[in-house]
>>> print(open('model_16.txt').read())   # compact mmCIF, C-alpha atoms
# COMPACT_ATOMS: atom_id res chain seq x y z
CA MET C 15 -13.25 46.90 -0.54
CA GLU C 16 -15.73 49.52 0.64
CA LYS C 17 -14.84 51.87 -2.11
CA GLU C 18 -15.38 49.13 -4.60
CA LYS C 19 -18.76 48.36 -3.09
CA VAL C 20 -19.78 51.99 -3.27
CA GLU C 21 -18.73 52.17 -6.88
CA ASP C 22 -20.52 48.93 -7.57
CA SER C 23 -23.74 50.27 -6.10
CA LYS C 24 -23.28 53.46 -8.10
CA ILE C 25 -23.11 51.37 -11.22
CA MET C 26 -26.21 49.50 -10.13
CA GLU C 27 -28.05 52.75 -9.51
CA SER C 28 -27.27 54.33 -12.79
CA GLU C 29 -27.87 51.13 -14.71
CA ASN C 30 -31.47 52.00 -15.37
CA SER C 31 -30.79 55.53 -16.52
CA LEU C 32 -27.73 54.87 -18.65
CA GLN C 33 -27.39 51.80 -20.82
CA SER C 34 -23.60 52.15 -21.14
CA ASP C 35 -22.84 51.47 -17.46
CA GLY C 36 -24.51 48.09 -17.56
CA ASN C 37 -22.75 47.52 -20.80
CA VAL C 38 -19.32 47.99 -19.20
CA LYS C 39 -20.16 45.36 -16.61
CA GLN C 40 -21.48 42.89 -19.15
CA VAL C 41 -18.57 43.35 -21.51
CA VAL C 42 -15.96 42.98 -18.81
CA ASP C 43 -17.68 39.90 -17.43
CA PHE C 44 -17.75 38.33 -20.87
CA ALA C 45 -14.14 39.25 -21.63
CA LEU C 46 -13.01 37.87 -18.29
CA GLU C 47 -14.86 34.62 -18.93
CA ALA C 48 -13.10 34.32 -22.30
CA GLY C 49 -9.78 34.99 -20.58
CA ARG C 50 -10.50 32.41 -17.91
CA ILE C 51 -11.27 29.72 -20.48
CA LEU C 52 -8.08 30.55 -22.40
CA LEU C 53 -5.85 30.52 -19.36
CA LYS C 54 -7.38 27.34 -17.97
CA ASN C 55 -6.84 25.43 -21.21
CA GLY C 56 -3.27 26.44 -21.85
CA GLY C 57 -3.20 29.90 -23.45
CA GLU C 58 -0.22 32.14 -22.85
CA ILE C 59 -0.41 35.31 -20.74
CA PHE C 60 0.13 37.44 -23.80
CA ARG C 61 -2.83 35.85 -25.62
CA VAL C 62 -5.15 36.22 -22.63
CA GLU C 63 -4.39 39.91 -22.28
CA GLU C 64 -4.73 40.52 -26.00
CA THR C 65 -8.09 38.74 -26.16
CA ILE C 66 -9.53 40.67 -23.22
CA THR C 67 -8.35 43.99 -24.62
CA ARG C 68 -9.67 43.18 -28.06
CA ILE C 69 -13.13 42.20 -26.81
CA CYS C 70 -13.41 45.20 -24.48
CA GLN C 71 -12.38 47.68 -27.10
CA HIS C 72 -14.68 46.29 -29.72
CA PHE C 73 -17.69 46.57 -27.41
CA GLY C 74 -16.82 50.15 -26.56
CA VAL C 75 -15.02 49.87 -23.22
CA GLU C 76 -12.04 52.07 -23.91
CA HIS C 77 -10.29 52.31 -20.55
CA VAL C 78 -9.37 48.83 -19.45
CA ASP C 79 -6.37 47.63 -17.47
CA ILE C 80 -5.44 43.98 -17.15
CA PHE C 81 -2.98 42.21 -14.94
CA THR C 82 -2.64 38.50 -15.64
CA LEU C 83 -0.79 35.88 -13.66
CA SER C 84 -0.49 32.20 -14.40
CA HIS C 85 -3.42 31.53 -12.05
CA GLY C 86 -5.42 34.73 -11.86
CA ILE C 87 -6.77 37.63 -13.90
CA PHE C 88 -7.39 41.15 -12.61
CA VAL C 89 -9.42 43.47 -14.81
CA SER C 90 -10.36 47.05 -14.11
CA ALA C 91 -12.51 49.05 -16.53
CA GLU C 92 -13.81 52.60 -16.51
CA ASN C 93 -16.66 54.29 -18.31
CA GLU C 94 -16.71 57.87 -19.60
CA LYS C 95 -17.76 59.28 -16.23
CA GLY C 96 -14.84 57.66 -14.43
CA ASP C 97 -16.81 54.96 -12.61
CA ALA C 98 -14.61 51.93 -12.26
CA TYR C 99 -15.62 48.31 -12.40
CA THR C 100 -13.06 45.81 -11.15
CA LYS C 101 -13.10 42.06 -11.14
CA VAL C 102 -10.63 39.42 -9.98
CA LYS C 103 -10.78 35.81 -11.04
CA HIS C 104 -8.76 32.97 -9.60
CA ILE C 105 -7.97 30.17 -12.03
CA PRO C 106 -6.26 27.08 -10.64
CA LEU C 107 -3.46 25.61 -12.75
CA SER C 108 -5.05 22.77 -14.66
CA GLY C 109 -5.26 20.66 -17.78
CA ALA C 110 -4.70 21.34 -21.42
CA HIS C 111 -7.18 21.52 -24.27
CA LEU C 112 -5.69 23.27 -27.27
CA GLY C 113 -8.89 22.82 -29.28
CA ILE C 114 -10.67 25.20 -26.91
CA VAL C 115 -7.83 27.71 -27.20
CA ALA C 116 -8.21 27.64 -30.97
CA GLU C 117 -11.99 28.09 -30.74
CA VAL C 118 -11.82 31.03 -28.32
CA ASN C 119 -9.23 32.65 -30.56
CA GLU C 120 -11.53 32.23 -33.55
CA LEU C 121 -14.42 33.75 -31.58
CA SER C 122 -12.38 36.77 -30.51
CA ARG C 123 -11.23 37.27 -34.09
CA GLN C 124 -14.83 37.27 -35.29
CA ILE C 125 -15.82 39.68 -32.52
CA ALA C 126 -13.05 42.05 -33.55
CA GLU C 127 -14.34 41.90 -37.13
CA GLY C 128 -17.80 42.81 -35.82
CA LYS C 129 -19.51 39.64 -36.96
CA VAL C 130 -20.79 38.54 -33.55
CA GLU C 131 -22.96 40.47 -31.06
CA LEU C 132 -22.58 40.16 -27.31
CA PRO C 133 -25.52 37.81 -26.47
CA LYS C 134 -24.63 35.49 -29.34
CA ALA C 135 -20.96 35.56 -28.34
CA ARG C 136 -21.84 34.66 -24.78
CA GLU C 137 -23.85 31.69 -25.98
CA ARG C 138 -20.99 30.51 -28.18
CA LEU C 139 -18.46 30.90 -25.37
CA ALA C 140 -20.59 28.74 -23.08
CA LYS C 141 -20.75 26.13 -25.83
CA ILE C 142 -16.96 26.29 -26.37
CA ASP C 143 -16.37 25.75 -22.66
CA ARG C 144 -18.20 22.44 -22.89
CA ILE C 145 -16.23 20.99 -25.82
CA PRO C 146 -15.09 17.55 -24.65
CA ALA C 147 -11.46 16.41 -24.79
CA SER C 148 -10.38 13.83 -27.40
CA ASN C 149 -11.92 10.39 -27.17
CA SER C 150 -10.27 8.57 -24.23
CA GLY C 151 -9.50 5.46 -26.30
CA LEU C 152 -7.74 7.66 -28.83
CA GLN C 153 -5.90 9.46 -26.03
CA ILE C 154 -4.64 6.16 -24.61
CA LEU C 155 -3.46 5.07 -28.05
CA GLY C 156 -1.85 8.47 -28.63
CA ALA C 157 0.00 8.31 -25.33
CA GLY C 158 1.28 4.83 -26.15
CA ILE C 159 2.44 5.90 -29.59
CA ALA C 160 4.07 9.05 -28.21
CA ALA C 161 5.85 6.98 -25.56
CA ALA C 162 7.12 4.46 -28.11
CA CYS C 163 8.23 7.12 -30.59
CA TYR C 164 10.02 9.29 -28.05
CA GLY C 165 11.66 6.25 -26.53
CA PHE C 166 12.93 5.40 -30.00
CA LEU C 167 14.11 8.96 -30.67
CA MET C 168 16.03 8.92 -27.40
CA GLY C 169 17.89 5.84 -28.57
CA SER C 170 16.05 2.70 -27.51
CA ASN C 171 15.67 -0.27 -29.84
CA LEU C 172 12.49 -1.82 -31.23
CA THR C 173 11.74 -4.20 -28.34
CA GLU C 174 12.18 -1.43 -25.80
CA SER C 175 9.89 0.80 -27.83
CA VAL C 176 7.17 -1.85 -27.78
CA VAL C 177 7.50 -2.08 -23.99
CA ALA C 178 7.37 1.72 -23.82
CA PHE C 179 4.17 1.62 -25.90
CA CYS C 180 2.46 -0.68 -23.40
CA ILE C 181 3.67 1.38 -20.44
CA GLY C 182 2.55 4.62 -22.08
CA CYS C 183 -0.95 3.19 -22.57
CA ILE C 184 -1.12 1.98 -18.95
CA VAL C 185 0.08 5.33 -17.62
CA GLN C 186 -2.46 7.25 -19.69
CA VAL C 187 -5.25 4.99 -18.37
CA TRP C 188 -4.09 5.86 -14.87
CA VAL C 189 -3.96 9.58 -15.68
CA LEU C 190 -7.50 9.50 -17.09
CA LEU C 191 -8.82 7.57 -14.09
CA ALA C 192 -7.12 10.01 -11.72
CA LYS C 193 -8.64 12.94 -13.58
CA LYS C 194 -12.09 11.43 -13.12
CA GLY C 195 -11.43 10.89 -9.41
CA ARG C 196 -9.95 14.40 -8.98
CA LEU C 197 -6.82 13.07 -7.30
CA SER C 198 -4.08 15.47 -6.27
CA LYS C 199 -1.21 16.03 -8.67
CA ILE C 200 1.33 14.70 -6.20
CA ILE C 201 -0.38 11.33 -5.88
CA VAL C 202 -1.00 11.02 -9.62
CA ASN C 203 2.64 11.60 -10.50
CA ILE C 204 4.24 9.57 -7.72
CA ALA C 205 1.95 6.64 -8.45
CA GLY C 206 2.60 7.16 -12.19
CA GLY C 207 6.35 6.94 -11.62
CA MET C 208 5.88 3.80 -9.54
CA LEU C 209 3.71 2.23 -12.26
CA ILE C 210 6.30 2.97 -14.95
CA MET C 211 9.19 1.52 -12.99
CA SER C 212 7.26 -1.57 -11.84
CA PHE C 213 6.18 -2.46 -15.36
CA ALA C 214 9.63 -1.73 -16.76
CA LEU C 215 11.20 -4.09 -14.22
CA LEU C 216 8.51 -6.69 -14.92
CA ALA C 217 9.22 -6.50 -18.66
CA ARG C 218 12.92 -6.84 -17.96
CA MET C 219 12.35 -9.98 -15.92
CA PHE C 220 10.28 -11.60 -18.66
CA ALA C 221 12.48 -10.55 -21.57
CA THR C 222 15.02 -13.33 -21.53
CA MET C 223 15.93 -13.03 -25.21
CA SER C 224 17.80 -9.75 -25.04
CA PRO C 225 18.64 -7.61 -22.03
CA LEU C 226 16.41 -4.53 -21.96
CA ARG C 227 17.91 -1.18 -21.08
CA LEU C 228 15.62 0.65 -18.68
CA ASP C 229 16.63 4.18 -19.78
CA GLY C 230 14.76 4.31 -23.05
CA ILE C 231 11.71 2.56 -21.62
CA ILE C 232 11.41 4.99 -18.72
CA ILE C 233 12.01 8.10 -20.82
CA GLY C 234 9.32 6.91 -23.22
CA GLY C 235 6.99 5.84 -20.45
CA ILE C 236 7.05 9.16 -18.60
CA MET C 237 5.97 11.03 -21.73
CA PRO C 238 2.21 10.94 -20.90
CA LEU C 239 3.00 12.38 -17.46
CA ILE C 240 5.42 15.05 -18.64
CA PRO C 241 3.98 18.55 -18.21
CA GLY C 242 4.97 19.51 -21.74
CA LEU C 243 2.36 22.22 -21.96
CA ALA C 244 3.34 23.83 -18.65
CA PHE C 245 7.03 23.64 -19.58
CA THR C 246 6.59 25.08 -23.06
CA ASN C 247 4.23 27.79 -21.85
CA ALA C 248 6.69 28.66 -19.10
CA ILE C 249 9.43 29.07 -21.71
CA ARG C 250 7.11 31.14 -23.90
CA ASP C 251 6.09 33.38 -21.00
CA ILE C 252 9.74 33.95 -20.14
CA ALA C 253 10.38 34.75 -23.79
CA ASP C 254 7.58 37.35 -23.61
CA SER C 255 9.19 38.78 -20.43
CA ASP C 256 6.29 37.59 -18.23
CA PHE C 257 8.83 36.34 -15.71
CA LEU C 258 6.45 35.93 -12.78
CA SER C 259 3.99 33.67 -14.57
CA GLY C 260 6.81 31.91 -16.36
CA THR C 261 8.49 31.08 -13.07
CA VAL C 262 5.27 29.80 -11.52
CA ARG C 263 4.59 27.54 -14.48
CA MET C 264 8.20 26.37 -14.59
CA MET C 265 8.00 25.50 -10.90
CA ASP C 266 4.76 23.60 -11.58
CA ALA C 267 6.50 21.62 -14.32
CA LEU C 268 9.67 20.95 -12.32
CA MET C 269 7.71 19.66 -9.34
CA VAL C 270 6.00 17.11 -11.58
CA PHE C 271 9.42 15.79 -12.63
CA VAL C 272 10.46 15.53 -8.99
CA TYR C 273 7.29 13.58 -8.14
CA ILE C 274 7.86 11.18 -11.03
CA ALA C 275 11.47 10.67 -9.95
CA VAL C 276 10.34 10.00 -6.38
CA GLY C 277 7.91 7.35 -7.63
CA VAL C 278 10.55 5.71 -9.80
CA GLY C 279 13.10 5.90 -6.99
CA ILE C 280 10.78 4.25 -4.45
CA VAL C 281 10.22 1.22 -6.68
CA LEU C 282 13.88 0.97 -7.65
CA ILE C 283 15.14 1.10 -4.07
CA THR C 284 12.54 -1.43 -2.93
CA PHE C 285 13.48 -3.73 -5.80
CA ASN C 286 17.17 -3.43 -5.07
CA ASN C 287 16.57 -4.18 -1.42
CA MET C 288 14.50 -7.24 -2.25
CA THR C 289 16.87 -8.73 -4.81
CA GLY C 290 20.11 -7.36 -3.43
CA GLY C 291 21.33 -6.47 -6.92
CA PHE C 292 21.91 -3.06 -8.43
CA ILE C 293 20.24 -2.04 -11.64
CA LEU C 294 20.67 1.09 -13.77
CA MET V 29 23.76 8.06 -40.59
CA THR V 30 22.02 5.58 -42.85
CA VAL V 31 18.94 6.33 -44.90
CA GLN V 32 16.98 3.79 -42.92
CA GLU V 33 17.78 5.55 -39.67
CA ILE V 34 16.79 8.92 -41.05
CA ILE V 35 13.48 7.58 -42.34
CA SER V 36 12.69 5.89 -39.04
CA HIS V 37 13.50 9.10 -37.16
CA MET V 38 11.28 11.09 -39.51
CA LEU V 39 8.42 8.66 -39.05
CA CYS V 40 8.82 8.49 -35.29
CA SER V 41 9.02 12.23 -34.75
CA PHE V 42 5.96 12.72 -36.97
CA VAL V 43 3.83 10.04 -35.31
CA GLY V 44 5.02 10.96 -31.82
CA THR V 45 4.06 14.59 -32.30
CA VAL V 46 0.63 13.55 -33.57
CA GLY V 47 0.30 11.36 -30.46
CA PHE V 48 0.94 14.40 -28.30
CA ALA V 49 -1.52 16.44 -30.33
CA VAL V 50 -4.14 13.80 -29.48
CA ILE V 51 -3.33 14.00 -25.77
CA TYR V 52 -3.67 17.79 -25.82
CA SER V 53 -7.02 17.58 -27.66
CA VAL V 54 -5.90 19.45 -30.74
CA PRO V 55 -8.71 19.47 -33.37
CA LYS V 56 -8.32 16.67 -35.90
CA LYS V 57 -7.77 18.95 -38.89
CA TYR V 58 -4.48 20.19 -37.42
CA TYR V 59 -2.90 16.78 -36.76
CA PHE V 60 -0.94 16.71 -40.01
CA ALA V 61 0.41 20.23 -39.56
CA CYS V 62 1.46 19.41 -35.99
CA GLY V 63 3.28 16.32 -37.20
CA ILE V 64 5.14 18.27 -39.88
CA THR V 65 6.22 20.89 -37.33
CA GLY V 66 7.56 18.29 -34.92
CA MET V 67 9.32 16.38 -37.67
CA ALA V 68 11.05 19.45 -39.07
CA GLY V 69 12.25 20.50 -35.62
CA TRP V 70 13.62 17.07 -34.77
CA LEU V 71 15.36 16.65 -38.14
CA THR V 72 17.06 20.03 -37.72
CA PHE V 73 18.15 19.02 -34.24
CA LEU V 74 19.47 15.72 -35.53
CA PHE V 75 21.31 17.31 -38.44
CA VAL V 76 22.96 20.06 -36.40
CA SER V 77 23.93 17.80 -33.51
CA SER V 78 25.64 15.36 -35.90
CA ARG V 79 27.99 18.14 -37.12
CA PRO V 80 31.34 18.46 -35.36
CA TYR V 81 31.70 21.08 -32.59
CA MET V 82 27.94 21.35 -32.12
CA SER V 83 26.54 20.73 -28.65
CA ALA V 84 23.02 19.64 -27.82
CA SER V 85 22.05 23.15 -26.79
CA VAL V 86 23.13 24.68 -30.11
CA ALA V 87 21.20 21.97 -31.91
CA SER V 88 18.16 22.69 -29.72
CA PHE V 89 18.45 26.36 -30.61
CA PHE V 90 18.26 25.62 -34.32
CA GLY V 91 15.53 23.04 -33.79
CA ALA V 92 13.41 25.51 -31.81
CA PHE V 93 14.07 28.17 -34.44
CA VAL V 94 12.73 25.94 -37.21
CA VAL V 95 9.75 24.78 -35.14
CA VAL V 96 8.63 28.31 -34.27
CA LEU V 97 9.19 29.53 -37.81
CA ILE V 98 7.05 26.76 -39.28
CA ALA V 99 4.46 27.19 -36.55
CA ARG V 100 4.16 30.89 -37.33
CA ILE V 101 3.80 30.27 -41.05
CA LEU V 102 1.15 27.64 -40.38
CA THR V 103 -0.62 30.02 -38.00
CA VAL V 104 -1.09 32.49 -40.81
CA TYR V 105 -2.14 29.79 -43.27
CA MET V 106 -4.63 27.95 -41.07
CA LYS V 107 -5.81 30.92 -39.00
CA CYS V 108 -5.48 29.45 -35.54
CA PRO V 109 -3.32 30.24 -32.51
CA ILE V 110 0.37 29.35 -32.69
CA THR V 111 0.05 27.33 -29.46
CA VAL V 112 -1.71 24.55 -31.36
CA PHE V 113 1.38 23.78 -33.46
CA LEU V 114 4.09 25.00 -31.15
CA ILE V 115 3.37 22.86 -28.10
CA PRO V 116 3.26 19.42 -29.72
CA GLY V 117 5.99 20.43 -32.17
CA ILE V 118 8.53 21.60 -29.66
CA LEU V 119 8.07 18.66 -27.27
CA PRO V 120 10.78 16.45 -28.84
CA LEU V 121 13.28 19.24 -28.16
CA VAL V 122 12.17 20.14 -24.64
CA PRO V 123 14.68 18.53 -22.26
CA GLY V 124 12.11 16.30 -20.57
CA ALA V 125 14.56 13.44 -20.28
CA GLY V 126 17.29 15.70 -18.91
CA VAL V 127 15.07 17.22 -16.25
CA TYR V 128 13.78 13.80 -15.31
CA TYR V 129 17.33 12.47 -14.92
CA THR V 130 18.25 15.49 -12.78
CA ALA V 131 15.36 14.81 -10.43
CA TYR V 132 16.12 11.10 -10.49
CA TYR V 133 19.80 11.57 -9.59
CA ILE V 134 18.82 13.93 -6.77
CA VAL V 135 16.39 11.34 -5.42
CA THR V 136 19.01 8.59 -5.61
CA ASN V 137 21.69 10.88 -4.12
CA GLN V 138 24.06 11.03 -7.13
CA LEU V 139 24.63 14.75 -6.88
CA THR V 140 27.51 15.15 -9.36
CA GLN V 141 25.47 13.51 -12.10
CA ALA V 142 22.46 15.59 -11.06
CA SER V 143 24.30 18.89 -11.46
CA LEU V 144 25.75 17.80 -14.81
CA LYS V 145 22.35 16.88 -16.19
CA GLY V 146 20.65 19.85 -14.55
CA ILE V 147 22.97 22.44 -16.03
CA GLU V 148 22.77 20.81 -19.43
CA SER V 149 18.96 20.89 -19.30
CA LEU V 150 19.07 24.53 -18.25
CA LYS V 151 21.31 25.35 -21.19
CA ILE V 152 18.95 23.58 -23.56
CA ALA V 153 15.95 25.38 -22.07
CA PHE V 154 17.66 28.74 -22.57
CA ALA V 155 18.63 27.81 -26.11
CA ILE V 156 14.97 27.10 -26.82
CA VAL V 157 13.99 30.43 -25.26
CA MET V 158 16.48 32.18 -27.58
CA GLY V 159 15.11 30.35 -30.60
CA ILE V 160 11.55 31.34 -29.71
CA VAL V 161 12.45 34.96 -28.96
CA ILE V 162 14.22 35.48 -32.26
CA VAL V 163 11.34 34.17 -34.34
CA VAL V 164 8.64 35.84 -32.24
CA SER V 165 10.31 39.21 -32.63
CA ILE V 166 9.92 39.04 -36.40
CA PRO V 167 6.99 41.38 -37.04
CA ARG V 168 3.68 39.77 -37.88
CA GLU V 169 3.39 41.55 -41.24
CA VAL V 170 6.33 39.65 -42.71
CA PHE V 171 4.37 36.43 -42.56
CA HIS V 172 1.34 38.15 -44.00
CA VAL V 173 3.34 39.49 -46.93
CA ILE V 174 4.53 36.01 -47.74
CA PHE V 175 0.98 34.77 -47.40
CA TRP V 176 -0.52 37.44 -49.67
CA GLU V 177 2.13 37.03 -52.31
CA ARG V 178 1.57 33.31 -52.45
CA LYS V 179 -2.16 33.81 -52.65
CA ARG V 180 -1.76 36.31 -55.49
CA ARG V 181 0.48 33.93 -57.39
CA LYS V 182 -2.01 31.12 -56.89
CA ASN V 183 -4.82 33.28 -58.22
CA ASP V 184 -2.69 34.32 -61.20
CA GLY V 185 -1.97 30.70 -61.93
CA LYS V 186 -5.66 29.86 -61.89
CA ASP V 187 -6.47 32.60 -64.36
>>> encode(input="model_16.txt", output="structure tokens")
Amino acid sequence: MEKEKVEDSKIMESENSLQSDGNVKQVVDFALEAGRILLKNGGEIFRVEETITRICQHFGVEHVDIFTLSHGIFVSAENEKGDAYTKVKHIPLSGAHLGIVAEVNELSRQIAEGKVELPKARERLAKIDRIPASNSGLQILGAGIAAACYGFLMGSNLTESVVAFCIGCIVQVWVLLAKKGRLSKIIVNIAGGMLIMSFALLARMFATMSPLRLDGIIIGGIMPLIPGLAFTNAIRDIADSDFLSGTVRMMDALMVFVYIAVGVGIVLITFNNMTGGFIL
Amino acid sequence: MTVQEIISHMLCSFVGTVGFAVIYSVPKKYYFACGITGMAGWLTFLFVSSRPYMSASVASFFGAFVVVLIARILTVYMKCPITVFLIPGILPLVPGAGVYYTAYYIVTNQLTQASLKGIESLKIAFAIVMGIVIVVSIPREVFHVIFWERKRRKNDGKD
């Protein structure tokens, strides 16, 4: 810590005399911010490291070492005189916005081609960070459609798919509300599982025409909750031999499944106790 | 399998993948490409798993292979990160249902079923990893060569 401070103050001292020292700091800060935005919105470890290296090298910071985890980035850079500048950033595991990933990638590509200067790039990065997610109405519709379609692909019939559509919409509304209220992941997923099962049972009670199978409805209904991004990124990180980050993300994804199952189980057991009959 | 079934599966995998693309805030111009990726992967999975002696994990391997291949080609064409196509496209293959059932059986204390489903999901996950690894280890230039050749041909055709 002290050593770092000393080196930091050294950098501060020589900032006036030599432009390049300040430059190292600015470039690393900018690159780290780009990396943070990528990692937060669902970029892989490999992409984060590549982007940071690319930006640093283009702006003339040759010696740079990066260590990236699924929830943190460590960057250490050196100038020609051997003064080091190190920064650590903690990034909590959070949501997905692939549009932002695409935009940051485009920006880093343009930087590497030399089309964008540092101040302009910083401005653009700040703007990219504020890109809103898809329209919430569209998201709710999308979740419903995804639920219905995946329910159908997993072997449910048309009526069950329609039920899955309604449940998917309801669950996505809950997810969006929870995101606004900053609820913990555990509560969101347990309550989500309870919602799915309650509505599935309700639909089953009202559907007197044909008996509904709960399997397809539930598999479809959990689709909006499923941590598909975390799961796929975990698999990709393991494929890139980033085992540590891959394991952390896999754990994150598996826990979500456990929470959903707990929610579903609570409702099912309560229902069975109330009616005395066994279902599923 | 009847034609009607195949068409409904095509439609559902396409629309479902687009639905996921919406949830993950993929830019609108990529929706169609995402849908195509998901559809191709699911059709491959369906085709392989309907053959005799083919398990779900082998089918997932081929499905993942096709998804990543198409995603990489699209990446070169549309100049955007592979994540945009890969994540919505591979979701139909990811053993979400299997993992959910594992957790569910553990919660309801049906441990034999849980281990059956759990190991099957693990196998599928590893098959997907293999599919991704094989395609990712193809060097980047190969896709660029295909891209440049096509572009040259297109230009020749225009002239």
>>> closest_atom_pairs(input="model_16.txt", of="chain C", to="chain V", cutoff="6 Å", atoms="all atoms listed in the file", output="JSON lines")
{"residue": "C:Ala110", "atom": "CA", "partner": "V:Tyr52", "partner_atom": "CA", "distance": 5.7}
{"residue": "C:His111", "atom": "CA", "partner": "V:Ser53", "partner_atom": "CA", "distance": 5.2}
{"residue": "C:Leu112", "atom": "CA", "partner": "V:Val54", "partner_atom": "CA", "distance": 5.2}
{"residue": "C:Gly113", "atom": "CA", "partner": "V:Val54", "partner_atom": "CA", "distance": 4.7}
{"residue": "C:Ala116", "atom": "CA", "partner": "V:Cys108", "partner_atom": "CA", "distance": 5.6}
{"residue": "C:Ala147", "atom": "CA", "partner": "V:Ser53", "partner_atom": "CA", "distance": 5.4}
{"residue": "C:Ser148", "atom": "CA", "partner": "V:Ser53", "partner_atom": "CA", "distance": 5.0}
{"residue": "C:Gln153", "atom": "CA", "partner": "V:Ile51", "partner_atom": "CA", "distance": 5.2}
{"residue": "C:Gly156", "atom": "CA", "partner": "V:Gly47", "partner_atom": "CA", "distance": 4.0}
{"residue": "C:Ala157", "atom": "CA", "partner": "V:Gly47", "partner_atom": "CA", "distance": 6.0}
{"residue": "C:Ile159", "atom": "CA", "partner": "V:Gly47", "partner_atom": "CA", "distance": 5.9}
{"residue": "C:Ala160", "atom": "CA", "partner": "V:Gly44", "partner_atom": "CA", "distance": 4.2}
{"residue": "C:Cys163", "atom": "CA", "partner": "V:Cys40", "partner_atom": "CA", "distance": 4.9}
{"residue": "C:Ile233", "atom": "CA", "partner": "V:Ala125", "partner_atom": "CA", "distance": 5.9}
{"residue": "C:Ile249", "atom": "CA", "partner": "V:Val157", "partner_atom": "CA", "distance": 5.9}
{"residue": "C:Ala253", "atom": "CA", "partner": "V:Val161", "partner_atom": "CA", "distance": 5.6}
{"residue": "C:Phe271", "atom": "CA", "partner": "V:Tyr128", "partner_atom": "CA", "distance": 5.5}
{"residue": "C:Val272", "atom": "CA", "partner": "V:Ala131", "partner_atom": "CA", "distance": 5.2}
{"residue": "C:Ala275", "atom": "CA", "partner": "V:Tyr132", "partner_atom": "CA", "distance": 4.7}
>>> residues_around(input="model_16.txt", residues="V:Gly91", least_positions_apart="3", cutoff="9 Å", atoms="all atoms listed in the file", output="PDB file with C-alpha atoms, in the coordinates of the input")
ATOM      1  CA  ALA V  68      11.050  19.450 -39.070  1.00  0.00           C
ATOM      2  CA  GLY V  69      12.250  20.500 -35.620  1.00  0.00           C
ATOM      3  CA  TRP V  70      13.620  17.070 -34.770  1.00  0.00           C
ATOM      4  CA  LEU V  71      15.360  16.650 -38.140  1.00  0.00           C
ATOM      5  CA  THR V  72      17.060  20.030 -37.720  1.00  0.00           C
ATOM      6  CA  PHE V  73      18.150  19.020 -34.240  1.00  0.00           C
ATOM      7  CA  LEU V  74      19.470  15.720 -35.530  1.00  0.00           C
ATOM      8  CA  VAL V  76      22.960  20.060 -36.400  1.00  0.00           C
ATOM      9  CA  VAL V  86      23.130  24.680 -30.110  1.00  0.00           C
ATOM     10  CA  ALA V  87      21.200  21.970 -31.910  1.00  0.00           C
ATOM     11  CA  SER V  88      18.160  22.690 -29.720  1.00  0.00           C
ATOM     12  CA  VAL V  94      12.730  25.940 -37.210  1.00  0.00           C
ATOM     13  CA  VAL V  95       9.750  24.780 -35.140  1.00  0.00           C
ATOM     14  CA  VAL V  96       8.630  28.310 -34.270  1.00  0.00           C
ATOM     15  CA  ILE V 118       8.530  21.600 -29.660  1.00  0.00           C
ATOM     16  CA  LEU V 121      13.280  19.240 -28.160  1.00  0.00           C
ATOM     17  CA  ILE V 156      14.970  27.100 -26.820  1.00  0.00           C
ATOM     18  CA  GLY V 159      15.110  30.350 -30.600  1.00  0.00           C
TER      19      GLY V 159
END
>>> atom_distance(input="model_16.txt", atom1="atom CA of C:Asn37", atom2="atom CA of C:Glu92")
11.1 Å
>>> residues_around(input="model_16.txt", residues="stretch 209-223 of chain C", least_positions_apart="5", cutoff="8 Å", atoms="only C-alpha atoms", output="MDAnalysis selection string")
chainID C and resid 177 181 185 228 231:232 235:236 278 281:282
>>> atom_distance(input="model_16.txt", atom1="atom CA of C:Gly56", atom2="atom CA of C:Ser108")
8.3 Å
>>> residues_around(input="model_16.txt", residues="C:Ala126", least_positions_apart="5", cutoff="12 Å", atoms="only C-alpha atoms", output="ChimeraX atom specification")
/C:64-74,119-121,131-132,135
>>> atom_distance(input="model_16.txt", atom1="atom CA of V:Val104", atom2="atom CA of V:Val173")
10.3 Å
>>> residues_around(input="model_16.txt", residues="V:Tyr105", least_positions_apart="2", cutoff="12 Å", atoms="all atoms listed in the file", output="VMD selection string")
chain V and resid 58 61 98 to 103 107 to 110 171 to 176 178 to 179
>>> closest_residue(input="model_16.txt", among="C:Leu190, C:Ile142, C:Ile280, C:Ile240", to="C:Leu268", atoms="all atoms listed in the file")
C:Ile240
